[in-house]
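Peer 1: Have a look at this one.
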Amino acid sequence: MEEIVRLHASSGTTGKPIVVAYTQADLDVWSEVMVRSFAACGLHRGDVIQNAYGYGLFTGGLGAHYGAEMLGATVIPISGGNTERQLMVMADFGVTALCCTPSYFLHLLESAKETKTDFSKLRVGVFGAEPWSEAMRDRIQAESGIRAHDIYGLSEIIGPGVGIECAQQHGLHIFEDHFYPEIIDPETGDVLPDGAEGELVLTTLSKQAMPMIRYRTRDITAIMAEPCECGRTLRRIRRIGRRSDDMVIIRGVNVFPSQVETALLRVEGTLPHYQIVLTRDKGLDQIEVKVEVTPEVFSDEIRKLEALQHQLEAAIENLLGLRVTVTLVQPRSLPRSEGKARRVTDLRNL
Amino acid sequence: MKLKQLSLFLENRPGQLRAPIAALGNAGIDILTMTLADTAQFGILRFIVADPARAKDVLEAEGMIVSVTEVVPIQVDNRPGGLAAVLAAIESAGLGVEYMYDFAARATPDKAAIIFRFEDADRALEALKAAGVRILTSEELLRK
Ligand SMILES: [Zn+2]
């Protein structure tokens with residue numbers, strides 16, 4: 001334990017928080033891959049980087065921070081939230097690059113337009129911690145005039161900086177000198193050839209505190225082995241659009257249907273049919289949990305049903321750490337599917 | 001005497017009321033009186049039929065959730081101050097009213113029937129009888 005100089009935690013892939021540890025050498029590697037990531041986005045000394053990833057146990061904040069510092073840029077460690085202050089800082093300090101989730105950037109963008117905030121100096125966005133689509137990138141770039149880069153990472157491997165999009169914006173270079181990528185068939189575990197779609201597994205080559213061998217990321221992608229026009233020889237992976245399990249990333253937080261199930265069980269004693277519906281309102285993710293009313297919990301008194309609704313909301317919020325709306329729906333009104341139940345309906349147009 | 005009222009959960013969106021009403025109609029069940037309580041999100045349909053057990057079966061066969069609640073039908077003079085007199089008796093008996101509604105298919109023009117839901121129907125029945133409040137029987141109510 002003496003060798004461990006830092007701990008972080010993530011919501012992990014099973015819904016329980018996963019603690020990750022770093023030695024000094026691990027932190028040095030992390031900073032180095034973040035420096036390379038920023039450089040691939042065209043950033044260097046002289047840039048003013050506003051880091052709006054959350055500082056704390058989440059790896060995003062400190063990972064980007066130390067990388068940006070080592071790059072020689074000016075770092076503004078503003079952390080997440082407080083839109084008004086974000087915009088003020090962006091204008092006052094002539095921020096040239098912003099690190100945050102893509103959905104939060106859309107939210108900032110809308111607010112900036114409403115308040116007529118000047119962000120003309122901003123030219124690069126380093127966006128990650130949640131999946132986003134090409135369509136969303138097109139929208140961000142068209143509306144803001146910046147270049148939006150996708151950054152990939154996960155706490156279990158190191159944090160942000162496992163992979164980055166270069167100026168080509170065509171796939172993410174994986175820093176395979178530290179993190180060795182393979183694609184497997186998620187059902188059989190067989191390794192698939194370059195170009196084939198499957199689950200990304202990563203092996204750490206330099207990690208000391210918590211080495212990982214063939215860590216299953218649950219992210220579905222494919223390796224692009226052909227050389228990139230940017231000249232980097234590191235192989236790329238296709239942008240990640242979906243995962244092999246039901247996990248969804250909401251406002252940068254990993255959410256599993258199993259967590260919602262735990263909360264429902266806790267309150268009701270039985271597991272009703274439910275559905276998680278994700279929408280995006282003004283750039284922010286909204287979570288609605290539809291719960292079918294069961295004979296056990298149905299009451300002929302409105303206040304009891306409303307109390308139940310609030311209890312469910314509190315129980316789910318407690319487990320996820322996110323605001324949710326619970327809607328009680330009629331029995332048998334939610335869609336049933338054969339085989340694996342689709343618990344999550346994502347209407348966010350990622 | 002106590003009366004069995006059926007309560008049904010409904011989502012607050014168009015068309016939700018029609019299905020249960022149609023199911024009862026197809027089964028030849030007459031709804032004697034009903035009331036709909038609603039919030040922004042959902043509603044509860046409360047109604048009284050002559051044969052609640054059968055109505056419950058019919059609705060449950062349609063996949064609906066039905067609960068049975070005991071309510072107390074009270075006779076109220078159909079004149080200004082009639083209901084106030086009954087409410088005064090309820091209050092002095094220390095009973096809390098959860099909700100109440102009019103029994104639509106009443107038999108006599110000078111008397112109204114009001115359905116009361118108390119927290120404890122048995123205790124309410126006893127206390128109201130003692131206070132001289134006229135409790136209706138199901139025969140009186142269901143007589144056309
Ligand atoms: Zn490249």
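Labeling convention for the structure tokens: chains A, B, ... as they appear, residues from 1 per chain, ligands from 1 in order of appearance.
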Running DSSP on the backbone, which parts of stretch 32-82 of chain B land in alpha helix (DSSP H), as a list in words?
Peer 2: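 The alpha helix (DSSP H) subset of stretch 32-82 of chain B is Pro52, Ala53, Arg54, Ala55, Lys56, Asp57, Val58, Leu59, Glu60, Ala61 and Gly82 of chain B.
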Peer 1: Find the residues near ligand 1. Use a cut-off of 10 Å, count only C-alpha atoms and all ligand atoms, and write them as number ranges by chain.
Peer 2: A: 40, 164-173, 227-236
Peer 1: Go ahead and dump the residues you just picked, all heavy atoms, as a compact mmCIF listing (two decimals), in the first residue's frame.
Peer 2:
# COMPACT_ATOMS: atom_id res chain seq x y z
N ALA A 40 -2.80 15.43 -29.80
CA ALA A 40 -3.52 14.90 -30.97
C ALA A 40 -4.71 15.79 -31.33
O ALA A 40 -5.17 15.82 -32.46
CB ALA A 40 -3.98 13.47 -30.69
N ILE A 164 -7.68 8.43 -28.28
CA ILE A 164 -8.06 9.80 -28.65
C ILE A 164 -8.22 9.90 -30.17
O ILE A 164 -7.53 9.21 -30.91
CB ILE A 164 -7.01 10.82 -28.15
CG1 ILE A 164 -7.46 12.28 -28.37
CG2 ILE A 164 -5.67 10.59 -28.86
CD1 ILE A 164 -8.53 12.76 -27.44
N GLU A 165 -9.09 10.79 -30.58
CA GLU A 165 -9.22 11.07 -32.01
C GLU A 165 -8.18 12.12 -32.41
O GLU A 165 -8.03 13.14 -31.74
CB GLU A 165 -10.59 11.67 -32.30
CG GLU A 165 -11.67 10.65 -32.51
CD GLU A 165 -12.99 11.36 -32.80
OE1 GLU A 165 -13.17 12.52 -32.43
OE2 GLU A 165 -13.84 10.71 -33.40
N CYS A 166 -7.51 11.85 -33.52
CA CYS A 166 -6.57 12.84 -34.04
C CYS A 166 -7.33 13.83 -34.92
O CYS A 166 -8.54 13.82 -34.98
CB CYS A 166 -5.46 12.15 -34.83
SG CYS A 166 -6.11 11.32 -36.30
N ALA A 167 -6.59 14.66 -35.63
CA ALA A 167 -7.22 15.68 -36.48
C ALA A 167 -8.11 15.08 -37.57
O ALA A 167 -9.00 15.75 -38.09
CB ALA A 167 -6.14 16.56 -37.10
N GLN A 168 -7.84 13.82 -37.92
CA GLN A 168 -8.67 13.16 -38.96
C GLN A 168 -10.09 12.90 -38.47
O GLN A 168 -11.00 12.74 -39.26
CB GLN A 168 -8.04 11.83 -39.38
CG GLN A 168 -6.61 11.93 -39.90
CD GLN A 168 -6.51 12.80 -41.14
OE1 GLN A 168 -7.35 12.72 -42.02
NE2 GLN A 168 -5.51 13.66 -41.17
N GLN A 169 -10.25 12.85 -37.15
CA GLN A 169 -11.56 12.54 -36.54
C GLN A 169 -12.18 11.29 -37.17
O GLN A 169 -13.35 11.25 -37.52
CB GLN A 169 -12.52 13.73 -36.65
CG GLN A 169 -12.05 14.93 -35.85
CD GLN A 169 -12.98 16.11 -35.96
OE1 GLN A 169 -13.48 16.39 -37.05
NE2 GLN A 169 -13.22 16.80 -34.86
N HIS A 170 -11.34 10.29 -37.32
CA HIS A 170 -11.82 9.05 -37.94
C HIS A 170 -11.26 7.88 -37.13
O HIS A 170 -10.19 7.36 -37.44
CB HIS A 170 -11.36 9.01 -39.40
CG HIS A 170 -11.85 7.81 -40.14
ND1 HIS A 170 -13.17 7.42 -40.15
CD2 HIS A 170 -11.20 6.90 -40.90
CE1 HIS A 170 -13.31 6.33 -40.89
NE2 HIS A 170 -12.12 5.98 -41.35
N GLY A 171 -11.94 7.52 -36.07
CA GLY A 171 -11.46 6.48 -35.19
C GLY A 171 -10.55 7.05 -34.11
O GLY A 171 -10.03 8.16 -34.25
N LEU A 172 -10.41 6.29 -33.04
CA LEU A 172 -9.58 6.76 -31.92
C LEU A 172 -8.30 5.94 -31.85
O LEU A 172 -8.34 4.71 -31.77
CB LEU A 172 -10.33 6.60 -30.58
CG LEU A 172 -11.53 7.53 -30.35
CD1 LEU A 172 -12.78 6.90 -30.94
CD2 LEU A 172 -11.73 7.79 -28.87
N HIS A 173 -7.15 6.65 -31.88
CA HIS A 173 -5.87 5.97 -31.69
C HIS A 173 -5.82 5.46 -30.26
O HIS A 173 -6.08 6.21 -29.31
CB HIS A 173 -4.71 6.94 -31.91
CG HIS A 173 -4.55 7.35 -33.35
ND1 HIS A 173 -3.97 6.54 -34.28
CD2 HIS A 173 -4.91 8.49 -34.00
CE1 HIS A 173 -3.97 7.16 -35.47
NE2 HIS A 173 -4.54 8.34 -35.32
N PRO A 227 -3.14 2.27 -41.72
CA PRO A 227 -2.46 3.47 -41.23
C PRO A 227 -3.34 4.70 -41.33
O PRO A 227 -4.20 4.80 -42.22
CB PRO A 227 -1.23 3.59 -42.13
CG PRO A 227 -1.39 2.62 -43.23
CD PRO A 227 -2.45 1.64 -42.86
N CYS A 228 -3.13 5.64 -40.41
CA CYS A 228 -3.94 6.86 -40.38
C CYS A 228 -3.20 7.95 -41.14
O CYS A 228 -1.97 8.01 -41.14
CB CYS A 228 -4.18 7.27 -38.94
SG CYS A 228 -5.19 8.76 -38.76
N GLU A 229 -3.96 8.83 -41.75
CA GLU A 229 -3.36 9.91 -42.53
C GLU A 229 -2.56 10.87 -41.67
O GLU A 229 -1.72 11.61 -42.17
CB GLU A 229 -4.44 10.68 -43.28
CG GLU A 229 -4.91 9.94 -44.53
CD GLU A 229 -6.06 10.66 -45.21
OE1 GLU A 229 -6.00 11.91 -45.30
OE2 GLU A 229 -7.00 9.97 -45.65
N CYS A 230 -2.80 10.86 -40.37
CA CYS A 230 -2.08 11.77 -39.49
C CYS A 230 -0.63 11.33 -39.30
O CYS A 230 0.19 12.10 -38.82
CB CYS A 230 -2.76 11.88 -38.14
SG CYS A 230 -2.52 10.46 -37.06
N GLY A 231 -0.34 10.07 -39.64
CA GLY A 231 1.03 9.59 -39.51
C GLY A 231 1.27 8.75 -38.27
O GLY A 231 2.29 8.07 -38.16
N ARG A 232 0.36 8.80 -37.31
CA ARG A 232 0.53 7.96 -36.12
C ARG A 232 0.42 6.49 -36.53
O ARG A 232 -0.44 6.13 -37.35
CB ARG A 232 -0.52 8.28 -35.07
CG ARG A 232 -0.26 9.57 -34.33
CD ARG A 232 -1.36 9.90 -33.32
NE ARG A 232 -1.11 11.21 -32.71
CZ ARG A 232 -1.37 12.36 -33.31
NH1 ARG A 232 -1.90 12.37 -34.52
NH2 ARG A 232 -1.09 13.51 -32.71
N THR A 233 1.26 5.66 -35.94
CA THR A 233 1.22 4.24 -36.27
C THR A 233 0.38 3.44 -35.28
O THR A 233 0.17 2.25 -35.46
CB THR A 233 2.65 3.66 -36.31
OG1 THR A 233 3.29 4.00 -35.09
CG2 THR A 233 3.43 4.22 -37.47
N LEU A 234 -0.07 4.10 -34.24
CA LEU A 234 -0.94 3.43 -33.27
C LEU A 234 -2.25 3.06 -33.95
O LEU A 234 -2.84 3.88 -34.65
CB LEU A 234 -1.22 4.36 -32.09
CG LEU A 234 0.00 4.84 -31.29
CD1 LEU A 234 -0.36 6.08 -30.49
CD2 LEU A 234 0.49 3.73 -30.38
N ARG A 235 -2.69 1.80 -33.70
CA ARG A 235 -3.95 1.40 -34.32
C ARG A 235 -5.13 2.17 -33.71
O ARG A 235 -5.05 2.67 -32.59
CB ARG A 235 -4.17 -0.11 -34.15
CG ARG A 235 -3.26 -0.93 -35.06
CD ARG A 235 -3.51 -2.40 -34.85
NE ARG A 235 -3.20 -2.79 -33.48
CZ ARG A 235 -3.55 -3.96 -32.94
NH1 ARG A 235 -4.26 -4.83 -33.66
NH2 ARG A 235 -3.22 -4.26 -31.71
N ARG A 236 -6.19 2.24 -34.50
CA ARG A 236 -7.37 2.97 -34.02
C ARG A 236 -8.51 1.99 -33.71
O ARG A 236 -8.52 0.87 -34.21
CB ARG A 236 -7.85 3.95 -35.10
CG ARG A 236 -6.95 5.15 -35.30
CD ARG A 236 -7.31 5.90 -36.56
NE ARG A 236 -6.98 5.10 -37.76
CZ ARG A 236 -7.40 5.39 -38.98
NH1 ARG A 236 -8.17 6.44 -39.19
NH2 ARG A 236 -7.05 4.63 -40.00
Peer 1: For B:Ile115, list every protein, DNA or RNA residue within 8 Å, evaluated using only C-alpha atoms, and leave out those in the same chain fewer than 5 positions away; present the list as JSON, numbers by chain.
Peer 2: {"B": [71, 72, 73, 74, 100, 101, 102, 103]}
Peer 1: How would the residues just chosen look if you wrote them out with N, CA, C and O atoms as a PDB file, in the first residue's frame?
Peer 2:
ATOM      1  N   VAL B  71     -66.917   0.905   1.886  1.00  0.00           N
ATOM      2  CA  VAL B  71     -67.375   2.280   2.050  1.00  0.00           C
ATOM      3  C   VAL B  71     -68.721   2.257   2.772  1.00  0.00           C
ATOM      4  O   VAL B  71     -69.366   1.210   2.881  1.00  0.00           O
ATOM      5  N   VAL B  72     -69.136   3.417   3.252  1.00  0.00           N
ATOM      6  CA  VAL B  72     -70.378   3.493   4.028  1.00  0.00           C
ATOM      7  C   VAL B  72     -71.353   4.444   3.323  1.00  0.00           C
ATOM      8  O   VAL B  72     -71.043   5.614   3.136  1.00  0.00           O
ATOM      9  N   PRO B  73     -72.505   3.938   2.904  1.00  0.00           N
ATOM     10  CA  PRO B  73     -73.501   4.815   2.282  1.00  0.00           C
ATOM     11  C   PRO B  73     -74.387   5.454   3.359  1.00  0.00           C
ATOM     12  O   PRO B  73     -74.964   4.767   4.183  1.00  0.00           O
ATOM     13  N   ILE B  74     -74.429   6.754   3.335  1.00  0.00           N
ATOM     14  CA  ILE B  74     -75.176   7.490   4.360  1.00  0.00           C
ATOM     15  C   ILE B  74     -76.303   8.284   3.719  1.00  0.00           C
ATOM     16  O   ILE B  74     -76.114   8.901   2.667  1.00  0.00           O
ATOM     17  N   MET B 100     -65.389  11.297  -0.328  1.00  0.00           N
ATOM     18  CA  MET B 100     -66.828  11.038  -0.404  1.00  0.00           C
ATOM     19  C   MET B 100     -67.339  11.421  -1.775  1.00  0.00           C
ATOM     20  O   MET B 100     -66.726  12.220  -2.476  1.00  0.00           O
ATOM     21  N   TYR B 101     -68.432  10.813  -2.180  1.00  0.00           N
ATOM     22  CA  TYR B 101     -69.056  11.187  -3.444  1.00  0.00           C
ATOM     23  C   TYR B 101     -70.517  10.782  -3.435  1.00  0.00           C
ATOM     24  O   TYR B 101     -70.965   9.979  -2.622  1.00  0.00           O
ATOM     25  N   ASP B 102     -71.248  11.363  -4.350  1.00  0.00           N
ATOM     26  CA  ASP B 102     -72.691  11.167  -4.426  1.00  0.00           C
ATOM     27  C   ASP B 102     -73.013   9.805  -5.050  1.00  0.00           C
ATOM     28  O   ASP B 102     -72.324   9.349  -5.965  1.00  0.00           O
ATOM     29  N   PHE B 103     -74.042   9.181  -4.512  1.00  0.00           N
ATOM     30  CA  PHE B 103     -74.511   7.950  -5.140  1.00  0.00           C
ATOM     31  C   PHE B 103     -75.526   8.367  -6.196  1.00  0.00           C
ATOM     32  O   PHE B 103     -76.606   8.867  -5.889  1.00  0.00           O
TER      33      PHE B 103
END
Peer 1: For chain B, work out the contacting residues on chain A at 10 Å, counting only C-alpha atoms, and write them as a list in words.
Peer 2: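 Selected residues: Val293, Thr294, Pro295, Glu296, Phe298, Ser299, Asp300, Glu301, Ile302, Arg303, Leu305, Glu306, Thr327, Leu328, Val329, Gln330, Pro331, Arg332 and Ser333 of chain A.
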Peer 1: Can you pull out every residue within 9 Å of B:Ala89, counting only C-alpha atoms, but drop anything in the same chain fewer than 3 positions away, and send it as a count of residues only?
Peer 2: 10
Peer 1: Could you name the residues that touch A:Phe179 at 7 Å or less, counting only C-alpha atoms, but leaving out those on the same chain fewer than 6 positions away, as a list in words?
Peer 2: Val162, Leu202, Thr203, Thr204 and Leu205 of chain A
Peer 1: Include N, CA and C atoms and write out the residues we just selected as a compact mmCIF listing (two decimals), in the first residue's frame.
Peer 2:
# COMPACT_ATOMS: atom_id res chain seq x y z
N VAL A 162 -7.01 6.59 -22.74
CA VAL A 162 -6.72 5.27 -23.32
C VAL A 162 -6.67 5.41 -24.85
N LEU A 202 -8.97 -4.92 -23.01
CA LEU A 202 -7.71 -4.19 -22.90
C LEU A 202 -6.80 -4.86 -21.87
N THR A 203 -5.53 -4.90 -22.22
CA THR A 203 -4.52 -5.41 -21.29
C THR A 203 -3.54 -4.28 -21.02
N THR A 204 -3.29 -4.01 -19.75
CA THR A 204 -2.34 -2.93 -19.44
C THR A 204 -0.93 -3.51 -19.51
N LEU A 205 -0.03 -2.75 -20.13
CA LEU A 205 1.34 -3.24 -20.31
C LEU A 205 2.32 -2.61 -19.32
Peer 1: Counting only C-alpha atoms, which of B:Gln75, B:Thr137, B:Ala130, B:Leu142 gets nearest to B:Pro109?
Peer 2: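 Closest to B:Pro109, using only C-alpha atoms: B:Gln75.
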Peer 1: In Å to one decimal, how far is atom CA of A:Gly161 from atom CA of A:Ala52?
Peer 2: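 Computing the Euclidean distance for atom CA of A:Ala52 and atom CA of A:Gly161 yields 15.9 Å.
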Peer 1: With only C-alpha atoms as the counted atoms, please give the residues lying no more than 12 Å from B:Ala27, apart from itself and same-chain residues fewer than 6 positions off, as a list in words.
Peer 2: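 The filter keeps Pro20, Ile21, Asp51, Arg54, Ala55, Lys56, Asp57, Val58, Leu59, Ala61 and Glu62 of chain B.
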Peer 1: Could you take the residues named above and write them with N, CA and C atoms, as an mmCIF file, in the first residue's frame?
Peer 2:
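Final file, out-v6.cif:
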data_model
loop_
_atom_site.group_PDB
_atom_site.id
_atom_site.type_symbol
_atom_site.label_atom_id
_atom_site.label_comp_id
_atom_site.auth_asym_id
_atom_site.auth_seq_id
_atom_site.Cartn_x
_atom_site.Cartn_y
_atom_site.Cartn_z
ATOM 1 N N PRO B 20 -61.914 -0.259 -19.370
ATOM 2 C CA PRO B 20 -62.634 -0.927 -18.283
ATOM 3 C C PRO B 20 -64.152 -0.774 -18.374
ATOM 4 N N ILE B 21 -64.581 0.420 -18.792
ATOM 5 C CA ILE B 21 -66.028 0.666 -18.883
ATOM 6 C C ILE B 21 -66.630 -0.252 -19.946
ATOM 7 N N ASP B 51 -72.799 -6.484 -8.264
ATOM 8 C CA ASP B 51 -72.038 -7.699 -7.982
ATOM 9 C C ASP B 51 -70.530 -7.395 -8.109
ATOM 10 N N ARG B 54 -68.007 -10.235 -9.281
ATOM 11 C CA ARG B 54 -68.003 -10.559 -10.708
ATOM 12 C C ARG B 54 -67.315 -9.451 -11.517
ATOM 13 N N ALA B 55 -67.582 -8.227 -11.156
ATOM 14 C CA ALA B 55 -66.961 -7.110 -11.871
ATOM 15 C C ALA B 55 -65.442 -7.172 -11.723
ATOM 16 N N LYS B 56 -64.993 -7.543 -10.532
ATOM 17 C CA LYS B 56 -63.554 -7.653 -10.284
ATOM 18 C C LYS B 56 -62.945 -8.726 -11.186
ATOM 19 N N ASP B 57 -63.635 -9.881 -11.265
ATOM 20 C CA ASP B 57 -63.150 -10.968 -12.131
ATOM 21 C C ASP B 57 -63.033 -10.506 -13.584
ATOM 22 N N VAL B 58 -64.072 -9.815 -14.049
ATOM 23 C CA VAL B 58 -64.103 -9.362 -15.438
ATOM 24 C C VAL B 58 -62.909 -8.442 -15.728
ATOM 25 N N LEU B 59 -62.675 -7.496 -14.812
ATOM 26 C CA LEU B 59 -61.601 -6.526 -15.037
ATOM 27 C C LEU B 59 -60.224 -7.172 -14.899
ATOM 28 N N ALA B 61 -59.517 -10.184 -15.537
ATOM 29 C CA ALA B 61 -59.290 -10.999 -16.732
ATOM 30 C C ALA B 61 -58.731 -10.137 -17.869
ATOM 31 N N GLU B 62 -58.999 -8.832 -17.790
ATOM 32 C CA GLU B 62 -58.476 -7.889 -18.794
ATOM 33 C C GLU B 62 -57.086 -7.375 -18.393
#
Peer 1: I need the residue nearest A:Gly46 from this list: A:Pro211, A:Gly94, A:Gly198, A:Gly63. Use only C-alpha atoms for the distance.
Peer 2: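 When distances to A:Gly46 are compared using only C-alpha atoms, the smallest one comes from A:Gly94.
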Peer 1: Take atom CA of B:Ile114 and atom CA of B:Ile29 and report the distance between them in Å, one decimal.
Peer 2: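 These atoms are spaced 21.6 Å apart.
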Peer 1: If we count only C-alpha atoms, what is near stretch 143-153 of chain A at a cut-off of 8 Å, once residues fewer than 3 positions away on the same chain are taken out, given as a PyMOL selection string?
Peer 2: chain A and resi 37+41+109+122-129+137+139-140+157-166+169+172+239
Peer 1: Could you check the closest approach to A:Ala314 for each of A:Leu264, A:Leu334, A:Ala97, A:Leu278 and tell me which residue wins, using only C-alpha atoms?
Peer 2: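 Once distances to A:Ala314 are computed over only C-alpha atoms, the minimum belongs to A:Leu264.
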